[in-house]
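One file, input_28.cif, carrying mmCIF, C-alpha atoms and all ligand atoms:
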```
data_run
loop_
_atom_site.group_PDB
_atom_site.id
_atom_site.type_symbol
_atom_site.label_atom_id
_atom_site.label_comp_id
_atom_site.auth_asym_id
_atom_site.auth_seq_id
_atom_site.Cartn_x
_atom_site.Cartn_y
_atom_site.Cartn_z
ATOM 1 C CA MET A 1299 -46.398 32.013 -50.479
ATOM 2 C CA ASP A 1300 -46.167 29.639 -53.437
ATOM 3 C CA SER A 1301 -47.357 26.159 -52.491
ATOM 4 C CA SER A 1302 -44.538 24.647 -54.551
ATOM 5 C CA GLU A 1303 -41.896 26.202 -52.275
ATOM 6 C CA ASP A 1304 -40.297 23.958 -49.698
ATOM 7 C CA LEU A 1305 -41.306 24.385 -46.074
ATOM 8 C CA ARG A 1306 -38.776 26.526 -44.197
ATOM 9 C CA ALA A 1307 -37.812 26.025 -40.570
ATOM 10 C CA GLY A 1308 -36.854 29.711 -40.404
ATOM 11 C CA ASP A 1309 -40.485 30.664 -40.988
ATOM 12 C CA VAL A 1310 -41.589 28.549 -38.016
ATOM 13 C CA ALA A 1311 -38.880 30.075 -35.804
ATOM 14 C CA ARG A 1312 -39.586 33.674 -36.897
ATOM 15 C CA HIS A 1313 -43.351 33.732 -37.398
ATOM 16 C CA GLY A 1314 -44.689 30.669 -35.598
ATOM 17 C CA TRP A 1315 -45.879 29.033 -38.804
ATOM 18 C CA ALA A 1316 -44.709 27.866 -42.220
ATOM 19 C CA HIS A 1317 -46.531 26.867 -45.377
ATOM 20 C CA GLY A 1318 -44.957 24.974 -48.262
ATOM 21 C CA ARG A 1319 -44.237 21.487 -49.551
ATOM 22 C CA LEU A 1320 -42.224 18.600 -48.220
ATOM 23 C CA PRO A 1321 -39.469 17.698 -50.694
ATOM 24 C CA LEU A 1322 -40.657 14.108 -51.203
ATOM 25 C CA PRO A 1323 -42.103 12.347 -54.271
ATOM 26 C CA THR A 1324 -45.886 12.075 -54.550
ATOM 27 C CA GLU A 1325 -46.145 9.555 -57.340
ATOM 28 C CA GLY A 1326 -45.039 5.996 -57.995
ATOM 29 C CA ASP A 1327 -45.678 2.725 -56.163
ATOM 30 C CA ASP A 1328 -44.417 3.851 -52.724
ATOM 31 C CA TRP A 1329 -46.743 6.847 -52.753
ATOM 32 C CA HIS A 1330 -49.759 4.829 -53.895
ATOM 33 C CA ARG A 1331 -49.108 2.107 -51.302
ATOM 34 C CA PHE A 1332 -48.904 4.816 -48.632
ATOM 35 C CA THR A 1333 -52.020 6.745 -49.670
ATOM 36 C CA ALA A 1334 -54.055 3.509 -49.925
ATOM 37 C CA ALA A 1335 -54.083 3.672 -46.096
ATOM 38 C CA TRP A 1336 -56.722 6.429 -46.365
ATOM 39 C CA ASP A 1337 -59.093 3.934 -48.033
ATOM 40 C CA ASP A 1338 -58.712 1.745 -44.940
ATOM 41 C CA LEU A 1339 -59.706 4.229 -42.192
ATOM 42 C CA VAL A 1340 -62.678 3.695 -39.872
ATOM 43 C CA PRO A 1341 -65.514 6.070 -38.907
ATOM 44 C CA ASP A 1342 -64.739 8.457 -36.044
ATOM 45 C CA ALA A 1343 -66.949 7.159 -33.199
ATOM 46 C CA TYR A 1344 -66.908 10.421 -31.215
ATOM 47 C CA LEU A 1345 -68.546 12.909 -33.568
ATOM 48 C CA GLY A 1346 -71.988 13.179 -31.952
ATOM 49 C CA PRO A 1347 -74.115 15.855 -33.637
ATOM 50 C CA ALA A 1348 -71.140 17.619 -35.262
ATOM 51 C CA ARG A 1349 -71.614 18.643 -38.879
ATOM 52 C CA CYS A 1350 -68.762 16.416 -39.889
ATOM 53 C CA ARG A 1351 -68.208 12.975 -41.317
ATOM 54 C CA ARG A 1352 -64.705 11.630 -41.020
ATOM 55 C CA ASN A 1353 -62.791 8.383 -40.990
ATOM 56 C CA ARG A 1354 -59.517 8.112 -39.119
ATOM 57 C CA ARG A 1355 -56.778 6.091 -37.498
ATOM 58 C CA TYR A 1356 -54.204 7.178 -34.953
ATOM 59 C CA GLY A 1357 -50.699 6.185 -33.922
ATOM 60 C CA ARG A 1358 -47.950 7.378 -31.596
ATOM 61 C CA VAL A 1359 -44.283 7.548 -32.424
ATOM 62 C CA LEU A 1360 -41.313 8.530 -30.291
ATOM 63 C CA ALA A 1361 -38.919 10.657 -32.340
ATOM 64 C CA HIS A 1362 -35.545 10.449 -30.638
ATOM 65 C CA ARG A 1363 -33.164 13.353 -31.023
ATOM 66 C CA ASP A 1364 -30.685 11.028 -32.787
ATOM 67 C CA GLY A 1365 -33.235 10.553 -35.594
ATOM 68 C CA THR A 1366 -34.573 7.125 -34.558
ATOM 69 C CA LEU A 1367 -38.338 6.742 -34.895
ATOM 70 C CA GLU A 1368 -39.766 4.327 -32.326
ATOM 71 C CA PRO A 1369 -43.398 3.220 -32.770
ATOM 72 C CA LEU A 1370 -45.351 3.304 -29.514
ATOM 73 C CA LEU A 1371 -48.192 1.058 -28.368
ATOM 74 C CA GLY A 1372 -51.540 2.561 -27.401
ATOM 75 C CA THR A 1373 -53.948 4.877 -29.198
ATOM 76 C CA GLU A 1374 -55.556 6.829 -26.383
ATOM 77 C CA PHE A 1375 -55.988 10.539 -27.070
ATOM 78 C CA PHE A 1376 -57.164 13.194 -24.614
ATOM 79 C CA GLN A 1377 -57.790 16.934 -24.914
ATOM 80 C CA SER A 1378 -59.416 19.121 -22.268
ATOM 81 C CA LYS A 1379 -62.675 20.940 -22.996
ATOM 82 C CA GLN A 1380 -60.677 24.166 -22.750
ATOM 83 C CA ILE A 1381 -58.583 23.066 -25.706
ATOM 84 C CA ASN A 1382 -61.283 21.287 -27.699
ATOM 85 C CA ARG A 1383 -64.751 22.659 -27.036
ATOM 86 C CA ALA A 1384 -66.364 20.112 -29.383
ATOM 87 C CA PHE A 1385 -64.707 16.861 -28.305
ATOM 88 C CA GLY A 1386 -62.710 17.673 -25.141
ATOM 89 C CA ASP A 1387 -62.881 16.138 -21.631
ATOM 90 C CA GLN A 1388 -63.271 12.595 -22.916
ATOM 91 C CA LEU A 1389 -60.712 9.895 -23.488
ATOM 92 C CA ARG A 1390 -60.865 9.001 -27.134
ATOM 93 C CA VAL A 1391 -59.430 5.673 -28.229
ATOM 94 C CA PHE A 1392 -58.893 5.465 -31.959
ATOM 95 C CA GLU A 1393 -58.217 2.490 -34.201
ATOM 96 C CA PRO A 1394 -54.456 2.104 -34.693
ATOM 97 C CA LEU A 1395 -52.478 2.781 -37.849
ATOM 98 C CA THR A 1396 -52.046 -0.454 -39.774
ATOM 99 C CA ASP A 1397 -48.690 -2.245 -40.086
ATOM 100 C CA LYS A 1398 -48.880 -1.558 -43.806
ATOM 101 C CA ALA A 1399 -49.000 2.185 -43.134
ATOM 102 C CA LEU A 1400 -46.292 2.036 -40.456
ATOM 103 C CA THR A 1401 -43.894 0.155 -42.722
ATOM 104 C CA SER A 1402 -44.385 2.472 -45.677
ATOM 105 C CA CYS A 1403 -41.121 4.262 -46.412
ATOM 106 C CA ARG A 1404 -43.059 7.431 -47.226
ATOM 107 C CA PHE A 1405 -44.545 7.395 -43.710
ATOM 108 C CA SER A 1406 -41.159 7.489 -41.983
ATOM 109 C CA GLU A 1407 -39.805 9.980 -44.523
ATOM 110 C CA ILE A 1408 -42.658 12.395 -43.829
ATOM 111 C CA LEU A 1409 -42.066 12.068 -40.082
ATOM 112 C CA GLN A 1410 -38.299 12.527 -40.479
ATOM 113 C CA GLU A 1411 -38.771 15.637 -42.620
ATOM 114 C CA SER A 1412 -41.333 17.113 -40.212
ATOM 115 C CA VAL A 1413 -39.235 16.380 -37.130
ATOM 116 C CA GLY A 1414 -36.111 17.762 -38.826
ATOM 117 C CA LEU A 1415 -37.940 20.996 -39.606
ATOM 118 C CA VAL A 1416 -39.353 21.402 -36.100
ATOM 119 C CA ASN A 1417 -35.996 20.560 -34.517
ATOM 120 C CA GLU A 1418 -34.340 23.197 -36.659
ATOM 121 C CA ALA A 1419 -36.891 25.748 -35.456
ATOM 122 C CA ALA A 1420 -37.160 24.662 -31.804
ATOM 123 C CA GLY A 1421 -33.817 23.009 -31.037
ATOM 124 C CA ASP A 1422 -33.183 19.260 -31.031
ATOM 125 C CA ARG A 1423 -35.400 17.370 -28.600
ATOM 126 C CA ASP A 1424 -37.025 13.995 -28.084
ATOM 127 C CA TRP A 1425 -40.640 14.270 -29.226
ATOM 128 C CA GLU A 1426 -43.712 12.166 -28.644
ATOM 129 C CA LEU A 1427 -45.635 12.414 -31.898
ATOM 130 C CA GLY A 1428 -49.365 11.812 -32.300
ATOM 131 C CA VAL A 1429 -50.088 10.853 -35.903
ATOM 132 C CA HIS A 1430 -53.641 11.208 -37.234
ATOM 133 C CA PHE A 1431 -54.688 9.835 -40.618
ATOM 134 C CA ILE A 1432 -57.997 11.588 -41.393
ATOM 135 C CA ARG A 1433 -60.450 11.534 -44.298
ATOM 136 C CA VAL A 1434 -63.223 14.156 -44.116
ATOM 137 C CA ILE A 1435 -66.131 13.214 -46.366
ATOM 138 C CA ALA A 1436 -68.840 15.416 -47.889
ATOM 139 C CA GLU A 1437 -72.006 13.902 -49.298
ATOM 140 C CA PRO A 1438 -73.590 15.461 -52.395
ATOM 141 C CA ASP A 1439 -76.278 17.168 -50.315
ATOM 142 C CA GLU A 1440 -74.297 17.979 -47.180
ATOM 143 C CA GLY A 1441 -71.015 19.753 -46.427
ATOM 144 C CA SER A 1442 -68.604 18.447 -43.808
ATOM 145 C CA GLU A 1443 -66.455 20.441 -41.393
ATOM 146 C CA PRO A 1444 -62.842 19.250 -41.024
ATOM 147 C CA ALA A 1445 -62.596 21.085 -37.675
ATOM 148 C CA PRO A 1446 -66.038 21.295 -35.994
ATOM 149 C CA GLU A 1447 -64.361 22.964 -32.984
ATOM 150 C CA GLY A 1448 -63.865 26.119 -35.090
ATOM 151 C CA ARG A 1449 -60.851 28.353 -34.512
ATOM 152 C CA HIS A 1450 -58.579 26.466 -32.134
ATOM 153 C CA SER A 1451 -55.191 25.252 -31.074
ATOM 154 C CA ASP A 1452 -54.726 21.558 -30.315
ATOM 155 C CA GLY A 1453 -52.881 21.648 -26.973
ATOM 156 C CA HIS A 1454 -49.472 20.542 -28.310
ATOM 157 C CA GLU A 1455 -46.235 22.417 -28.932
ATOM 158 C CA TYR A 1456 -46.179 22.107 -32.708
ATOM 159 C CA VAL A 1457 -48.635 20.699 -35.228
ATOM 160 C CA ALA A 1458 -47.881 19.713 -38.825
ATOM 161 C CA ILE A 1459 -50.880 19.405 -41.154
ATOM 162 C CA HIS A 1460 -49.978 17.551 -44.349
ATOM 163 C CA LEU A 1461 -52.424 17.373 -47.225
ATOM 164 C CA ILE A 1462 -52.381 13.866 -48.682
ATOM 165 C CA GLY A 1463 -54.997 14.413 -51.360
ATOM 166 C CA ARG A 1464 -58.426 15.694 -52.355
ATOM 167 C CA HIS A 1465 -61.115 13.919 -54.307
ATOM 168 C CA HIS A 1466 -63.974 15.796 -55.977
ATOM 169 C CA CYS A 1467 -64.251 18.403 -53.239
ATOM 170 C CA VAL A 1468 -64.118 22.169 -52.892
ATOM 171 C CA GLY A 1469 -63.575 24.272 -49.759
ATOM 172 C CA GLY A 1470 -61.335 23.228 -46.901
ATOM 173 C CA GLU A 1471 -59.574 26.571 -46.595
ATOM 174 C CA SER A 1472 -57.075 26.659 -43.739
ATOM 175 C CA GLN A 1473 -56.744 29.862 -41.754
ATOM 176 C CA VAL A 1474 -53.887 30.699 -39.403
ATOM 177 C CA PHE A 1475 -54.299 33.231 -36.573
ATOM 178 C CA ARG A 1476 -51.939 34.633 -33.982
ATOM 179 C CA ARG A 1477 -53.347 33.863 -30.555
ATOM 180 C CA GLY A 1478 -55.162 36.900 -29.158
ATOM 181 C CA GLU A 1479 -55.477 38.628 -32.542
ATOM 182 C CA GLU A 1480 -58.626 38.824 -34.649
ATOM 183 C CA ARG A 1481 -57.177 39.014 -38.120
ATOM 184 C CA VAL A 1482 -56.300 36.036 -40.293
ATOM 185 C CA GLU A 1483 -52.524 35.975 -40.676
ATOM 186 C CA HIS A 1484 -52.472 33.417 -43.487
ATOM 187 C CA SER A 1485 -55.118 31.550 -45.425
ATOM 188 C CA VAL A 1486 -54.659 28.832 -47.989
ATOM 189 C CA THR A 1487 -56.655 26.057 -49.603
ATOM 190 C CA MET A 1488 -54.102 23.285 -49.846
ATOM 191 C CA THR A 1489 -54.414 21.336 -53.086
ATOM 192 C CA GLU A 1490 -51.008 19.727 -53.731
ATOM 193 C CA PRO A 1491 -50.092 16.377 -52.169
ATOM 194 C CA LEU A 1492 -47.627 16.952 -49.299
ATOM 195 C CA GLU A 1493 -48.426 20.642 -49.195
ATOM 196 C CA ALA A 1494 -48.301 21.415 -45.478
ATOM 197 C CA LEU A 1495 -48.794 23.901 -42.692
ATOM 198 C CA VAL A 1496 -46.466 23.660 -39.705
ATOM 199 C CA LEU A 1497 -47.631 25.670 -36.706
ATOM 200 C CA SER A 1498 -46.342 26.590 -33.291
ATOM 201 C CA ASP A 1499 -49.444 25.396 -31.437
ATOM 202 C CA THR A 1500 -48.616 27.546 -28.403
ATOM 203 C CA THR A 1501 -48.615 30.869 -30.274
ATOM 204 C CA MET A 1502 -50.893 30.259 -33.270
ATOM 205 C CA GLU A 1503 -54.463 29.050 -33.782
ATOM 206 C CA HIS A 1504 -56.040 27.544 -36.870
ATOM 207 C CA ALA A 1505 -59.408 26.829 -38.461
ATOM 208 C CA VAL A 1506 -60.554 24.949 -41.560
ATOM 209 C CA SER A 1507 -63.685 25.776 -43.562
ATOM 210 C CA GLU A 1508 -66.151 23.075 -44.549
ATOM 211 C CA ILE A 1509 -65.711 20.970 -47.650
ATOM 212 C CA ARG A 1510 -68.435 20.361 -50.181
ATOM 213 C CA THR A 1511 -68.680 18.066 -53.174
ATOM 214 C CA GLU A 1512 -67.418 19.412 -56.468
ATOM 215 C CA ASP A 1513 -70.405 18.064 -58.331
ATOM 216 C CA ARG A 1514 -73.761 17.034 -56.963
ATOM 217 C CA SER A 1515 -73.624 13.361 -57.930
ATOM 218 C CA VAL A 1516 -70.716 11.830 -56.001
ATOM 219 C CA PRO A 1517 -69.188 12.222 -52.528
ATOM 220 C CA GLY A 1518 -65.986 14.211 -52.133
ATOM 221 C CA TRP A 1519 -63.220 13.942 -49.560
ATOM 222 C CA ARG A 1520 -60.055 15.544 -48.210
ATOM 223 C CA ASP A 1521 -57.249 13.385 -46.788
ATOM 224 C CA THR A 1522 -54.725 14.716 -44.286
ATOM 225 C CA MET A 1523 -51.950 13.400 -42.063
ATOM 226 C CA ILE A 1524 -51.679 15.519 -38.929
ATOM 227 C CA VAL A 1525 -48.656 15.217 -36.653
ATOM 228 C CA ASP A 1526 -48.784 16.533 -33.059
ATOM 229 C CA PHE A 1527 -45.460 17.349 -31.378
ATOM 230 C CA ASN A 1528 -45.070 17.016 -27.596
ATOM 231 C CA THR A 1529 -41.690 17.426 -25.872
ATOM 232 C CA VAL A 1530 -40.475 14.422 -23.901
ATOM 233 C CA GLN A 1531 -38.589 15.407 -20.753
ATOM 234 C CA ASP A 1532 -38.007 11.890 -19.453
ATOM 235 C CA LEU A 1533 -37.952 8.929 -21.831
ATOM 236 C CA THR A 1534 -38.689 6.492 -18.999
ATOM 237 C CA GLU A 1535 -42.107 8.100 -18.522
ATOM 238 C CA VAL A 1536 -43.327 7.536 -22.066
ATOM 239 C CA ASN A 1537 -46.105 4.924 -22.188
ATOM 240 C CA GLY A 1538 -46.049 2.090 -24.676
ATOM 241 C CA ARG A 1539 -42.314 2.001 -25.444
ATOM 242 C CA THR A 1540 -41.378 -0.757 -27.899
ATOM 243 C CA HIS A 1541 -37.624 -0.108 -28.103
ATOM 244 C CA SER A 1542 -37.799 -0.846 -31.802
ATOM 245 C CA SER A 1543 -37.303 1.302 -34.841
ATOM 246 C CA LEU A 1544 -39.722 2.076 -37.641
ATOM 247 C CA GLN A 1545 -36.863 1.196 -39.996
ATOM 248 C CA ALA A 1546 -36.657 -2.308 -38.490
ATOM 249 C CA LEU A 1547 -40.296 -3.116 -37.854
ATOM 250 C CA SER A 1548 -39.698 -6.864 -37.843
ATOM 251 C CA LEU A 1549 -38.528 -6.277 -34.255
ATOM 252 C CA PHE A 1550 -41.860 -4.651 -33.394
HETATM 253 FE FE FE B 1601 -56.337 21.345 -35.194
#
```
Can you present the structure in this file as structure tokens?
Amino acid sequence: MDSSEDLRAGDVARHGWAHGRLPLPTEGDDWHRFTAAWDDLVPDAYLGPARCRRNRRYGRVLAHRDGTLEPLLGTEFFQSKQINRAFGDQLRVFEPLTDKALTSCRFSEILQESVGLVNEAAGDRDWELGVHFIRVIAEPDEGSEPAPEGRHSDGHEYVAIHLIGRHHCVGGESQVFRRGEERVEHSVTMTEPLEALVLSDTTMEHAVSEIRTEDRSVPGWRDTMIVDFNTVQDLTEVNGRTHSSLQALSLF
């Protein structure tokens, strides 16, 4: 599949995954203001001995079926050991997304596009979204693994992995597998800003190979925005409701 093709909801519905680009601009002031958020991430405090260096922030957003995006309070994140053999069975509390990132128009546009695509594939629902801003960093003498847990699914219903950018790095090949099957169903090294993989996390698994620096004198990094989709059955049970809209953050 050509990376310049738009993402297609039909691919997610038929195959369980789609690869393509979001139809949004990736230059100009709005884009640069948005991507500056990746220079303002903080080291992941839960890495232990993993062969990985990454900075991150995390936020939660309620995506109502009428299109409203409601920012949620709280940045606790939990996966079982069954789901995440490297970092599971611990409550991880990440630093929140900054107001500057939340109020970026590109941020809400990316969420709206992603939610629209998943709703087209899965049927309109209310979704609780987990939004991860992640920078994986390789030093000149040491590679870094974007996904130290290896081949995995993340324990959600859908996952959208958006490439934001790459800086002096090679590697970082994404592989998509059908659960229970050995063979790689799709592999791609995403290079274009807002190139993305959207996966049914219940039927597919994914892995990402390590990144290394492009030359031996400077660090390299790979920036992604990962969006987890979890169906909300009962809006009254969602923690951290703000009853405000990302489009009207002065209320927040
Ligand atoms: Fe993952």
Original post:
For the atom pair atom CA of Ile1459 of chain A and atom CA of Arg1539 of chain A, what is the interatomic distance in Å to one decimal place?
Top reply: 25.0 Å
For the interface of segment 1434-1454 of chain A with segment 1515-1534 of chain A (cut-off 10 Å, counting all atoms listed in the file), please tabulate each contacting residue of segment 1434-1454 of chain A alongside its nearest pair of atoms and their separation in Å to one decimal, rows sorted by chain and increasing number, as a tab-separated table.
```
residue	atom	partner	partner_atom	distance
A:Val1434	CA	A:Arg1520	CA	5.4
A:Ile1435	CA	A:Trp1519	CA	4.4
A:Ala1436	CA	A:Gly1518	CA	5.3
A:Glu1437	CA	A:Pro1517	CA	4.6
A:Pro1438	CA	A:Pro1517	CA	5.5
A:Asp1439	CA	A:Ser1515	CA	8.9
A:Glu1440	CA	A:Pro1517	CA	9.4
A:Gly1441	CA	A:Gly1518	CA	9.4
A:Ser1442	CA	A:Trp1519	CA	9.1
A:Pro1444	CA	A:Arg1520	CA	8.6
A:Asp1452	CA	A:Asp1526	CA	8.3
A:Gly1453	CA	A:Asp1526	CA	8.9
A:His1454	CA	A:Asn1528	CA	5.7
```
**OP:** For ligand FE 1601 (chain B), list the contacting residues at 7 Å or closer, counting only C-alpha atoms and all ligand atoms, as a ChimeraX atom specification.
**Re:** /A:1445,1450-1452,1504
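When only C-alpha atoms are used to measure the gap to Asp1364 of chain A, the shortest distance among A:Glu1535, A:Asp1424, A:Glu1503, A:Glu1443 belongs to A:Asp1424.
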Original post:
In terms of the shortest atom-to-atom distance over only C-alpha atoms, which of A:Gln1388, A:Gln1545, A:Thr1324, A:Thr1511 is closest to Phe1376 of chain A?
Top reply: A:Gln1388
Distance query Phe1392 of chain A at most 12 Å, all atoms listed in the file, self and fewer than 5 positions along chain excluded, as an mmCIF file with C-alpha atoms, in the coordinates of the input:
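See part.cif below for the written result:
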```cif
data_model
loop_
_atom_site.group_PDB
_atom_site.id
_atom_site.type_symbol
_atom_site.label_atom_id
_atom_site.label_comp_id
_atom_site.auth_asym_id
_atom_site.auth_seq_id
_atom_site.Cartn_x
_atom_site.Cartn_y
_atom_site.Cartn_z
ATOM 1 C CA LEU A 1339 -59.706 4.229 -42.192
ATOM 2 C CA VAL A 1340 -62.678 3.695 -39.872
ATOM 3 C CA PRO A 1341 -65.514 6.070 -38.907
ATOM 4 C CA ASP A 1342 -64.739 8.457 -36.044
ATOM 5 C CA ALA A 1343 -66.949 7.159 -33.199
ATOM 6 C CA TYR A 1344 -66.908 10.421 -31.215
ATOM 7 C CA ASN A 1353 -62.791 8.383 -40.990
ATOM 8 C CA ARG A 1354 -59.517 8.112 -39.119
ATOM 9 C CA ARG A 1355 -56.778 6.091 -37.498
ATOM 10 C CA TYR A 1356 -54.204 7.178 -34.953
ATOM 11 C CA GLY A 1357 -50.699 6.185 -33.922
ATOM 12 C CA ARG A 1358 -47.950 7.378 -31.596
ATOM 13 C CA GLY A 1372 -51.540 2.561 -27.401
ATOM 14 C CA THR A 1373 -53.948 4.877 -29.198
ATOM 15 C CA GLU A 1374 -55.556 6.829 -26.383
ATOM 16 C CA PHE A 1375 -55.988 10.539 -27.070
ATOM 17 C CA PHE A 1376 -57.164 13.194 -24.614
ATOM 18 C CA GLY A 1428 -49.365 11.812 -32.300
ATOM 19 C CA VAL A 1429 -50.088 10.853 -35.903
ATOM 20 C CA HIS A 1430 -53.641 11.208 -37.234
ATOM 21 C CA PHE A 1431 -54.688 9.835 -40.618
ATOM 22 C CA ILE A 1432 -57.997 11.588 -41.393
#
```
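Note on the selection: in this file the PyMOL selection byres (((chain A and resi 1463-1472) around 6) and not hetatm) comes out as Leu1461, Ile1462, Gln1473, Ser1485, Val1486, Thr1487, Pro1491, Ala1505, Val1506, Ser1507, Glu1508, Ile1509, Arg1510, Thr1511, Glu1512, Gly1518, Trp1519, Arg1520 and Asp1521 of chain A.
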